[in-house]
$ cat query_32.tsv   # TSV, C-alpha atoms
chain	number	residue	atom	x	y	z
J	89	MET	CA	44.73	49.61	-71.77
J	90	THR	CA	41.69	51.79	-72.17
J	91	LEU	CA	42.56	55.41	-72.60
J	92	LEU	CA	40.52	58.04	-70.77
J	93	GLU	CA	38.39	55.48	-69.12
J	94	ILE	CA	36.40	56.87	-66.27
J	95	ALA	CA	35.42	54.14	-63.90
J	96	GLY	CA	33.34	55.27	-61.00
J	97	ASN	CA	29.98	54.61	-59.52
J	98	LEU	CA	26.49	56.03	-59.64
J	99	ASN	CA	26.95	57.92	-56.37
J	100	VAL	CA	28.85	60.59	-58.24
J	101	ILE	CA	25.94	61.13	-60.62
J	102	GLY	CA	23.63	61.24	-57.62
J	103	TYR	CA	25.79	63.92	-56.09
J	104	GLY	CA	25.77	65.83	-59.35
J	105	LEU	CA	21.96	65.83	-59.34
J	106	GLY	CA	21.92	66.74	-55.67
J	107	ALA	CA	24.16	69.75	-56.28
J	108	ILE	CA	21.69	71.38	-58.67
J	109	GLY	CA	19.31	72.58	-55.98
J	110	PRO	CA	21.91	74.06	-53.64
J	111	GLY	CA	23.59	75.65	-56.66
J	112	ILE	CA	20.42	77.52	-57.55
J	113	GLY	CA	19.83	78.31	-53.87
J	114	VAL	CA	23.27	79.80	-53.26
J	115	GLY	CA	22.88	81.82	-56.44
J	116	LEU	CA	19.55	83.23	-55.24
J	117	VAL	CA	20.97	84.10	-51.82
J	118	PHE	CA	23.84	86.14	-53.18
J	119	ALA	CA	21.80	87.62	-56.02
J	120	SER	CA	19.48	89.04	-53.40
J	121	VAL	CA	22.41	90.40	-51.40
J	122	ILE	CA	23.75	92.16	-54.47
J	123	GLN	CA	20.35	93.64	-55.26
J	124	GLY	CA	19.82	94.75	-51.69
J	125	THR	CA	23.27	96.32	-51.54
J	126	ALA	CA	22.68	98.12	-54.82
J	127	ARG	CA	19.45	99.60	-53.50
J	128	GLN	CA	20.79	100.48	-50.07
J	129	PRO	CA	24.59	100.37	-49.87
J	130	GLU	CA	24.79	101.16	-46.15
J	131	ALA	CA	22.85	97.98	-45.32
J	132	LYS	CA	25.63	95.79	-46.74
J	133	GLY	CA	26.94	94.59	-43.38
J	134	ALA	CA	23.56	93.50	-42.07
J	135	LEU	CA	22.68	91.85	-45.38
J	136	MET	CA	25.95	89.96	-45.55
J	137	SER	CA	25.74	88.48	-42.07
J	138	THR	CA	22.22	87.20	-42.77
J	139	ALA	CA	23.38	85.96	-46.14
J	140	TRP	CA	26.11	83.83	-44.59
J	141	ILE	CA	23.52	82.01	-42.47
J	142	GLY	CA	21.34	81.45	-45.51
J	143	PHE	CA	24.34	80.33	-47.52
J	144	ALA	CA	25.38	77.86	-44.80
J	145	VAL	CA	21.89	76.39	-44.55
J	146	VAL	CA	21.45	76.04	-48.32
J	147	GLU	CA	24.89	74.62	-48.89
J	148	ALA	CA	24.36	72.04	-46.15
J	149	LEU	CA	22.28	70.04	-48.65
J	150	ALA	CA	25.14	69.90	-51.13
J	151	LEU	CA	27.43	68.81	-48.33
J	152	PHE	CA	25.09	65.99	-47.32
J	153	GLY	CA	25.24	65.00	-50.97
J	154	ILE	CA	29.01	64.72	-51.04
J	155	ALA	CA	29.09	62.95	-47.68
J	156	LEU	CA	26.52	60.38	-48.81
J	157	ALA	CA	28.26	59.93	-52.15
J	158	PHE	CA	31.22	58.64	-50.17
J	159	ALA	CA	29.27	56.86	-47.46
J	160	ILE	CA	26.76	54.79	-49.42
J	161	ASN	CA	27.98	51.75	-51.28
F	90	MET	CA	45.90	58.24	-60.60
F	91	ALA	CA	43.71	55.81	-58.81
F	92	TYR	CA	41.86	57.06	-55.83
F	93	GLY	CA	40.07	54.84	-53.36
F	94	PRO	CA	38.75	51.31	-53.74
F	95	SER	CA	35.42	52.30	-55.31
F	96	GLY	CA	36.18	55.92	-56.01
F	97	LEU	CA	37.73	57.57	-58.99
F	98	THR	CA	40.01	55.89	-61.44
F	99	VAL	CA	40.95	58.22	-64.23
F	100	LEU	CA	43.82	56.50	-65.88
F	101	GLU	CA	44.30	52.78	-66.02
F	102	THR	CA	47.90	52.69	-67.10
F	103	GLU	CA	50.35	49.88	-67.40
F	104	VAL	CA	52.86	51.96	-65.49
F	105	PRO	CA	51.64	51.84	-61.90
F	106	THR	CA	53.97	54.56	-60.66
F	107	PHE	CA	52.82	57.22	-63.11
F	108	GLY	CA	50.92	60.03	-61.44
F	109	VAL	CA	51.34	59.02	-57.83
F	110	SER	CA	48.44	60.25	-55.77
F	111	ALA	CA	49.31	62.94	-53.24
F	112	PHE	CA	46.23	61.99	-51.25
F	113	ASP	CA	47.96	58.98	-49.75
F	114	SER	CA	49.80	60.02	-46.65
F	115	ARG	CA	53.28	58.65	-46.34
F	116	PRO	CA	55.06	58.01	-43.04
F	117	LEU	CA	58.18	60.05	-42.48
F	118	PHE	CA	59.90	57.12	-40.81
F	119	PRO	CA	58.40	54.05	-42.49
F	120	SER	CA	58.72	50.81	-40.58
F	121	GLU	CA	60.00	47.71	-42.37
F	122	ARG	CA	56.55	46.19	-42.36
F	123	TRP	CA	55.17	49.28	-44.08
F	124	GLN	CA	57.81	49.10	-46.80
F	125	GLU	CA	57.01	45.45	-47.45
F	126	CYS	CA	53.36	46.38	-47.87
F	127	HIS	CA	54.11	49.18	-50.34
F	128	PRO	CA	56.06	47.71	-53.22
F	129	HIS	CA	55.25	50.76	-55.37
F	130	GLU	CA	56.36	54.05	-53.93
F	131	GLY	CA	53.39	56.13	-52.82
F	132	LEU	CA	50.58	53.94	-54.08
F	133	ALA	CA	47.83	52.74	-51.79
F	134	PRO	CA	48.67	49.39	-50.20
F	135	GLN	CA	47.79	46.55	-52.50
F	136	ILE	CA	48.75	43.61	-50.37
F	137	CYS	CA	47.93	44.29	-46.73
F	138	SER	CA	45.08	45.95	-44.86
F	139	THR	CA	45.71	49.00	-42.70
F	140	SER	CA	45.54	47.16	-39.40
F	141	GLU	CA	48.14	44.72	-40.65
F	142	TYR	CA	50.78	47.07	-41.89
F	143	ALA	CA	50.71	50.08	-39.66
F	144	THR	CA	52.56	50.80	-36.47
F	145	TRP	CA	51.55	54.01	-34.71
F	146	THR	CA	54.45	55.95	-36.24
F	147	ASP	CA	53.25	54.99	-39.72
F	148	ILE	CA	49.81	56.38	-38.98
F	149	TRP	CA	50.62	59.49	-36.96
F	150	ILE	CA	53.98	60.75	-38.19
F	151	THR	CA	53.24	61.43	-41.85
F	152	ASN	CA	53.98	64.11	-44.40
F	153	HIS	CA	50.50	65.61	-43.88
F	154	ILE	CA	50.97	65.98	-40.14
F	155	LEU	CA	54.35	67.56	-40.85
F	156	GLN	CA	52.60	70.04	-43.15
F	157	ALA	CA	50.16	71.06	-40.43
F	158	VAL	CA	53.03	71.52	-37.98
F	159	ILE	CA	54.95	73.64	-40.48
F	160	ALA	CA	51.84	75.75	-41.03
F	161	ALA	CA	51.48	76.27	-37.29
F	162	ILE	CA	55.12	77.33	-37.01
F	163	LEU	CA	54.71	79.72	-39.98
F	164	VAL	CA	51.60	81.32	-38.45
F	165	ILE	CA	53.17	81.72	-35.01
F	166	GLY	CA	56.35	83.11	-36.58
F	167	PHE	CA	54.37	85.53	-38.76
F	168	TRP	CA	52.46	87.00	-35.84
F	169	LEU	CA	55.56	87.19	-33.65
F	170	ILE	CA	57.42	89.10	-36.38
F	171	VAL	CA	54.65	91.53	-37.32
F	172	SER	CA	53.78	92.32	-33.69
F	173	HIS	CA	57.36	92.80	-32.57
F	174	LYS	CA	57.98	96.30	-31.12
F	175	PRO	CA	54.83	98.03	-32.43
F	176	GLN	CA	55.11	101.74	-33.14
F	177	VAL	CA	52.58	104.54	-33.52
F	178	VAL	CA	53.67	105.08	-37.10
F	179	PRO	CA	53.69	101.50	-38.38
F	180	SER	CA	56.52	100.03	-40.40
F	181	LYS	CA	55.64	97.96	-43.47
F	182	ARG	CA	56.04	94.81	-41.43
F	183	GLN	CA	53.65	96.04	-38.78
F	184	TRP	CA	51.24	97.37	-41.41
F	185	ILE	CA	50.78	93.91	-42.96
F	186	GLY	CA	49.97	92.38	-39.60
F	187	GLU	CA	47.56	95.17	-38.72
F	188	TYR	CA	45.86	94.86	-42.10
F	189	VAL	CA	45.03	91.17	-41.58
F	190	TYR	CA	44.11	91.70	-37.94
F	191	THR	CA	41.85	94.67	-38.68
F	192	MET	CA	40.12	92.84	-41.50
F	193	ILE	CA	39.02	90.03	-39.17
F	194	ARG	CA	38.35	92.29	-36.19
F	195	ASN	CA	36.19	94.84	-37.99
F	196	GLY	CA	34.80	92.76	-40.83
F	197	VAL	CA	34.01	89.61	-38.91
F	198	ALA	CA	34.16	89.94	-35.12
F	199	ARG	CA	32.66	93.39	-34.64
F	200	GLU	CA	30.20	93.03	-37.48
F	201	ILE	CA	28.83	89.63	-36.46
F	202	ILE	CA	29.47	89.03	-32.76
F	203	GLY	CA	28.75	92.62	-31.82
F	204	ASP	CA	28.97	93.39	-28.10
F	205	ASN	CA	31.96	92.03	-26.24
F	206	TYR	CA	33.68	90.76	-29.36
F	207	HIS	CA	37.18	91.54	-28.18
F	208	LYS	CA	37.95	88.28	-26.47
F	209	TYR	CA	37.16	86.21	-29.58
F	210	VAL	CA	39.36	88.19	-31.98
F	211	PRO	CA	42.67	86.38	-31.25
F	212	TRP	CA	41.11	82.99	-31.85
F	213	LEU	CA	39.39	84.09	-35.05
F	214	VAL	CA	42.57	85.67	-36.41
F	215	ALA	CA	44.68	82.63	-35.53
F	216	MET	CA	42.14	80.31	-37.12
F	217	PHE	CA	41.91	82.40	-40.27
F	218	THR	CA	45.67	82.55	-40.81
F	219	PHE	CA	46.19	78.89	-40.01
F	220	ILE	CA	43.49	77.76	-42.43
F	221	ILE	CA	44.63	80.06	-45.22
F	222	VAL	CA	48.26	78.96	-44.90
F	223	ASN	CA	47.21	75.32	-45.02
F	224	ASN	CA	44.98	75.99	-48.02
F	225	LEU	CA	47.71	77.82	-49.90
F	226	PHE	CA	49.94	74.78	-49.48
F	227	GLY	CA	47.69	73.29	-52.17
F	228	SER	CA	49.12	75.66	-54.80
F	229	PHE	CA	52.60	75.99	-53.35
F	230	PHE	CA	55.61	74.07	-54.59
F	231	LEU	CA	57.32	71.75	-52.08
F	232	PHE	CA	53.90	70.86	-50.68
F	233	MET	CA	51.30	70.79	-53.48
F	234	PHE	CA	48.72	69.46	-51.11
F	235	PRO	CA	46.12	71.37	-49.10
F	236	THR	CA	46.23	69.87	-45.63
F	237	PHE	CA	42.51	70.19	-45.09
F	238	SER	CA	41.69	67.94	-47.99
F	239	LYS	CA	42.34	65.18	-45.48
F	240	VAL	CA	39.09	65.09	-43.58
F	241	GLY	CA	40.60	64.28	-40.18
F	242	PHE	CA	42.21	67.70	-39.77
F	243	VAL	CA	38.89	69.34	-40.48
F	244	TRP	CA	36.97	67.33	-37.89
F	245	GLY	CA	39.46	68.55	-35.30
F	246	PHE	CA	38.85	72.14	-36.27
F	247	ALA	CA	35.07	71.79	-36.33
F	248	ILE	CA	35.08	70.17	-32.89
F	249	ILE	CA	37.01	73.13	-31.48
F	250	THR	CA	34.43	75.53	-32.90
F	251	TRP	CA	31.61	73.36	-31.54
F	252	ILE	CA	33.13	73.37	-28.06
F	253	LEU	CA	33.73	77.11	-28.29
F	254	TYR	CA	30.20	78.22	-29.11
F	255	ASN	CA	28.55	75.78	-26.74
F	256	ALA	CA	30.90	76.81	-23.94
F	257	VAL	CA	30.14	80.47	-24.58
F	258	GLY	CA	26.40	79.79	-24.46
F	259	ILE	CA	26.57	77.60	-21.35
F	260	LYS	CA	28.75	80.12	-19.54
F	261	LYS	CA	26.42	82.97	-20.30
F	262	TRP	CA	23.02	81.31	-19.81
F	263	GLY	CA	23.67	78.15	-17.78
F	264	PHE	CA	23.29	74.66	-19.21
F	265	PHE	CA	19.53	74.09	-19.32
F	266	PRO	CA	18.50	77.64	-20.21
F	267	TYR	CA	21.06	77.55	-23.03
F	268	VAL	CA	19.80	74.27	-24.44
F	269	LYS	CA	16.24	75.49	-24.14
F	270	LYS	CA	17.15	78.71	-25.94
F	271	MET	CA	18.77	76.78	-28.75
F	272	ILE	CA	16.11	74.13	-29.31
F	273	VAL	CA	12.87	75.92	-28.44
F	274	PRO	CA	12.38	78.88	-30.77
F	275	HIS	CA	10.58	81.79	-29.19
F	276	GLY	CA	6.96	82.40	-30.16
F	277	VAL	CA	6.24	79.02	-31.74
F	278	PRO	CA	2.83	77.66	-30.67
F	279	GLY	CA	2.71	74.44	-28.60
F	280	PRO	CA	1.88	71.57	-30.98
F	281	ILE	CA	4.31	72.78	-33.64
F	282	LEU	CA	7.11	72.53	-31.07
F	283	ILE	CA	6.89	68.74	-31.25
F	284	LEU	CA	8.05	69.05	-34.85
F	285	VAL	CA	10.37	71.99	-34.48
F	286	THR	CA	12.33	71.04	-31.37
F	287	PRO	CA	14.00	67.89	-32.73
F	288	LEU	CA	14.81	69.72	-35.94
F	289	GLU	CA	16.36	72.63	-34.06
F	290	PHE	CA	18.34	70.22	-31.91
F	291	LEU	CA	19.68	68.42	-34.97
F	292	SER	CA	20.41	71.66	-36.75
F	293	ASN	CA	22.15	73.48	-33.90
F	294	PHE	CA	24.13	70.74	-32.23
F	295	ILE	CA	24.80	68.08	-34.86
F	296	ILE	CA	24.47	69.44	-38.38
F	297	ARG	CA	26.42	72.63	-37.67
F	298	PRO	CA	29.81	71.11	-36.89
F	299	ILE	CA	29.38	68.47	-39.60
F	300	THR	CA	28.63	70.97	-42.35
F	301	LEU	CA	31.33	73.33	-41.10
F	302	ALA	CA	33.88	70.56	-41.41
F	303	LEU	CA	32.59	69.13	-44.67
F	304	ARG	CA	32.41	72.52	-46.39
F	305	LEU	CA	36.11	73.17	-45.88
F	306	PHE	CA	37.05	69.58	-46.66
F	307	ALA	CA	34.89	69.18	-49.75
F	308	ASN	CA	36.00	72.43	-51.36
F	309	LEU	CA	39.70	71.70	-50.96
F	310	PHE	CA	39.37	68.02	-51.79
F	311	ALA	CA	37.43	68.73	-54.97
F	312	GLY	CA	39.77	71.54	-55.95
F	313	HIS	CA	42.85	69.42	-55.49
F	314	LEU	CA	41.29	66.53	-57.37
F	315	LEU	CA	40.49	68.89	-60.24
F	316	VAL	CA	44.08	70.12	-60.36
F	317	MET	CA	45.31	66.53	-60.30
F	318	ILE	CA	43.03	65.45	-63.12
F	319	PHE	CA	44.12	68.28	-65.37
F	320	VAL	CA	47.82	68.12	-64.58
F	321	VAL	CA	48.31	64.35	-64.41
F	322	GLY	CA	45.90	63.59	-67.22
F	323	GLY	CA	47.32	66.37	-69.38
F	324	THR	CA	50.90	65.31	-68.80
F	325	TYR	CA	50.03	61.73	-69.60
F	326	LEU	CA	48.29	62.62	-72.84
F	327	LEU	CA	51.05	64.99	-73.87
F	328	THR	CA	54.07	62.85	-73.11
F	329	GLN	CA	53.05	59.19	-73.00
F	330	ILE	CA	50.99	58.88	-76.18
F	331	LYS	CA	53.27	58.56	-79.18
F	332	ASP	CA	51.02	57.96	-82.17
F	333	ASN	CA	48.02	60.22	-81.77
F	334	ILE	CA	48.42	63.96	-82.28
F	335	ILE	CA	44.87	64.76	-81.13
F	336	TYR	CA	45.55	63.29	-77.70
F	337	ASN	CA	48.76	65.31	-77.48
F	338	VAL	CA	46.96	68.54	-78.34
F	339	ALA	CA	44.23	67.79	-75.82
F	340	GLY	CA	46.88	67.10	-73.20
F	341	GLY	CA	48.67	70.39	-73.87
F	342	PHE	CA	45.36	72.23	-73.74
F	343	SER	CA	44.43	70.71	-70.40
F	344	LEU	CA	47.82	71.69	-69.00
F	345	LEU	CA	47.08	75.28	-70.02
F	346	ILE	CA	43.65	75.12	-68.40
F	347	SER	CA	45.27	73.85	-65.22
F	348	PHE	CA	46.85	77.30	-64.68
F	349	GLY	CA	43.37	78.78	-64.61
F	350	ILE	CA	42.33	76.17	-62.10
F	351	PHE	CA	45.31	77.03	-59.91
F	352	ALA	CA	44.13	80.65	-59.94
F	353	LEU	CA	40.68	79.47	-58.93
F	354	GLU	CA	42.25	77.46	-56.12
F	355	LEU	CA	43.90	80.60	-54.73
F	356	LEU	CA	40.48	82.25	-54.57
F	357	VAL	CA	38.94	79.17	-52.94
F	358	ALA	CA	41.77	79.04	-50.38
F	359	TYR	CA	40.97	82.56	-49.22
F	360	LEU	CA	37.21	82.20	-49.46
F	361	GLN	CA	36.99	78.99	-47.45
F	362	ALA	CA	39.21	80.34	-44.67
F	363	TYR	CA	37.02	83.44	-44.55
F	364	ILE	CA	33.74	81.51	-44.55
F	365	PHE	CA	34.96	79.21	-41.79
F	366	VAL	CA	35.81	82.19	-39.59
F	367	VAL	CA	32.56	84.00	-40.42
F	368	LEU	CA	30.48	80.96	-39.53
F	369	THR	CA	32.39	80.41	-36.30
F	370	ALA	CA	31.66	84.01	-35.35
F	371	GLN	CA	28.06	83.50	-36.41
F	372	TYR	CA	27.65	80.48	-34.15
F	373	VAL	CA	29.26	82.24	-31.19
F	374	SER	CA	26.92	85.16	-31.79
F	375	SER	CA	23.86	82.92	-31.95
F	376	ALA	CA	24.88	81.24	-28.69
F	377	GLN	CA	25.20	84.46	-26.73
F	378	GLU	CA	22.48	86.67	-28.20
F	379	GLU	CA	19.22	87.32	-26.41
F	380	ALA	CA	16.24	85.26	-27.51
F	381	HIS	CA	13.95	87.29	-29.72
$ encode --input "query_32.tsv" --output "structure tokens"
Amino acid sequence: MTLLEIAGNLNVIGYGLGAIGPGIGVGLVFASVIQGTARQPEAKGALMSTAWIGFAVVEALALFGIALAFAIN
Amino acid sequence: MAYGPSGLTVLETEVPTFGVSAFDSRPLFPSERWQECHPHEGLAPQICSTSEYATWTDIWITNHILQAVIAAILVIGFWLIVSHKPQVVPSKRQWIGEYVYTMIRNGVAREIIGDNYHKYVPWLVAMFTFIIVNNLFGSFFLFMFPTFSKVGFVWGFAIITWILYNAVGIKKWGFFPYVKKMIVPHGVPGPILILVTPLEFLSNFIIRPITLALRLFANLFAGHLLVMIFVVGGTYLLTQIKDNIIYNVAGGFSLLISFGIFALELLVAYLQAYIFVVLTAQYVSSAQEEAH
């Protein structure tokens, strides 16, 4: 018995690398929303609805990553 | 915990029944053949392939389907109770219902869809409550499994959203004008269109439902896996290792951390339900807005 053995495959590491970009991207999207809201609080609604589109587009890459981590052998 | 043929294996123990994976669906009324194929309660079949062991009741009538049905009954019951005999001065019961309803109506439907948002509100509210109830099952005793961390449920939901926003667009604009509106962006010069049109087609008709589904699935799947690693691994280290105090301490520590992760899961449950509804509203809005 090997204790705390983690057996997996390289796909997981690939997904980890692939998640870096979207992570930074999602951070930038919401950082900008916070800044914009701080400067002009009444624009929050308009900023948020645009931000959700941006968030969805950026996060799509991370989602491809997780899908391919499962799909590719 | 051993998940999938090539996936994650965290603990290779000599006791195969320790830390049974909740990801494996179990039939409510197992056939004899199924029981023969599953010598260890709850573990993935070791000795037969799926097509060999399963009758249709083994595949379709499982604990996860039961969970989704219970969630549907809870949601319907909730809305029937809170909307029963509404009064001008709301009771507490009515206030709770109105609070949830108003949040989606004002914060999502009116904000994003804009004109003529009224007819989409019931669907958005129903979807939000159904998803959040299913997600909270992940941190709720008796269930301890978020239904949407099985990807099949999520495909169903994403397909409904896909049909909804395309139907809205086709009804408003007609089939070909709608498709043209979606795949030919306004004001793009001719030669660039050769590049842009296929991309827009992929993005608007194929990538959208896939990412919508995968976002919900991946968040809950990963969250549940995280909880399982901390709880099962922690319990194992704490209770099964007799001669190594460091392992025991690490196990106790990871059990403590698991409470924090449960709290995080509650946040994720709400956030993912909200994002799903917001994006559905966003897609409906993009299908019916004027080209600009």
$ interface_residues --input "query_32.tsv" --of "chain J" --to "chain F" --cutoff "12 Å" --atoms "all atoms listed in the file" --output "ChimeraX atom specification"
/J:89-100,131-161
$ atom_distance --input "query_32.tsv" --atom1 "atom CA of Gly203 of chain F" --atom2 "atom CA of Trp262 of chain F"
17.5 Å
$ atom_distance --input "query_32.tsv" --atom1 "atom CA of Thr191 of chain F" --atom2 "atom CA of His207 of chain F"
11.9 Å
$ closest_residue --input "query_32.tsv" --among "F:Met192, F:Ala256, F:Met233, F:Leu360" --to "Val214 of chain F" --atoms "all atoms listed in the file"
F:Met192
$ axis_aligned_box --input "query_32.tsv" --around "segment 351-357 of chain F" --padding-each-side "5 Å" --output "lines of an AutoDock Vina configuration file"
center_x = 42.1
center_y = 79.6
center_z = -56.4
size_x = 16.4
size_y = 15.2
size_z = 17.0
$ atom_distance --input "query_32.tsv" --atom1 "atom CA of Phe229 of chain F" --atom2 "atom CA of Ala161 of chain F"
16.1 Å
$ decode --input "query_32.tsv" --residues "segment 242-254 of chain F" --atoms "N, CA, C and O atoms" --output "mmCIF file, in the first residue's frame"
data_model
loop_
_atom_site.group_PDB
_atom_site.id
_atom_site.type_symbol
_atom_site.label_atom_id
_atom_site.label_comp_id
_atom_site.auth_asym_id
_atom_site.auth_seq_id
_atom_site.Cartn_x
_atom_site.Cartn_y
_atom_site.Cartn_z
ATOM 1 N N PHE F 242 -27.517 15.820 -16.550
ATOM 2 C CA PHE F 242 -28.564 16.754 -16.138
ATOM 3 C C PHE F 242 -28.321 18.129 -16.750
ATOM 4 O O PHE F 242 -29.248 18.828 -17.148
ATOM 5 N N VAL F 243 -27.033 18.494 -16.800
ATOM 6 C CA VAL F 243 -26.685 19.832 -17.230
ATOM 7 C C VAL F 243 -26.896 20.000 -18.732
ATOM 8 O O VAL F 243 -27.334 21.051 -19.190
ATOM 9 N N TRP F 244 -26.589 18.937 -19.503
ATOM 10 C CA TRP F 244 -26.861 19.017 -20.943
ATOM 11 C C TRP F 244 -28.338 19.296 -21.169
ATOM 12 O O TRP F 244 -28.703 20.122 -22.013
ATOM 13 N N GLY F 245 -29.193 18.601 -20.427
ATOM 14 C CA GLY F 245 -30.630 18.826 -20.579
ATOM 15 C C GLY F 245 -30.985 20.282 -20.375
ATOM 16 O O GLY F 245 -31.698 20.885 -21.188
ATOM 17 N N PHE F 246 -30.444 20.866 -19.309
ATOM 18 C CA PHE F 246 -30.747 22.257 -19.015
ATOM 19 C C PHE F 246 -30.238 23.193 -20.097
ATOM 20 O O PHE F 246 -30.920 24.116 -20.526
ATOM 21 N N ALA F 247 -29.006 22.942 -20.560
ATOM 22 C CA ALA F 247 -28.428 23.828 -21.574
ATOM 23 C C ALA F 247 -29.209 23.731 -22.874
ATOM 24 O O ALA F 247 -29.387 24.736 -23.575
ATOM 25 N N ILE F 248 -29.703 22.541 -23.206
ATOM 26 C CA ILE F 248 -30.477 22.391 -24.443
ATOM 27 C C ILE F 248 -31.774 23.195 -24.354
ATOM 28 O O ILE F 248 -32.185 23.837 -25.324
ATOM 29 N N ILE F 249 -32.394 23.203 -23.165
ATOM 30 C CA ILE F 249 -33.622 23.994 -23.022
ATOM 31 C C ILE F 249 -33.328 25.469 -23.264
ATOM 32 O O ILE F 249 -34.056 26.151 -23.987
ATOM 33 N N THR F 250 -32.231 25.963 -22.663
ATOM 34 C CA THR F 250 -31.871 27.367 -22.886
ATOM 35 C C THR F 250 -31.588 27.643 -24.356
ATOM 36 O O THR F 250 -32.009 28.663 -24.906
ATOM 37 N N TRP F 251 -30.908 26.719 -25.003
ATOM 38 C CA TRP F 251 -30.565 26.873 -26.422
ATOM 39 C C TRP F 251 -31.831 26.977 -27.265
ATOM 40 O O TRP F 251 -31.964 27.846 -28.121
ATOM 41 N N ILE F 252 -32.782 26.067 -26.988
ATOM 42 C CA ILE F 252 -34.045 26.104 -27.731
ATOM 43 C C ILE F 252 -34.771 27.409 -27.450
ATOM 44 O O ILE F 252 -35.297 28.048 -28.368
ATOM 45 N N LEU F 253 -34.740 27.840 -26.178
ATOM 46 C CA LEU F 253 -35.460 29.057 -25.811
ATOM 47 C C LEU F 253 -34.953 30.263 -26.590
ATOM 48 O O LEU F 253 -35.728 30.945 -27.260
ATOM 49 N N TYR F 254 -33.628 30.511 -26.564
ATOM 50 C CA TYR F 254 -33.196 31.774 -27.169
ATOM 51 C C TYR F 254 -33.268 31.729 -28.679
ATOM 52 O O TYR F 254 -33.566 32.737 -29.321
#
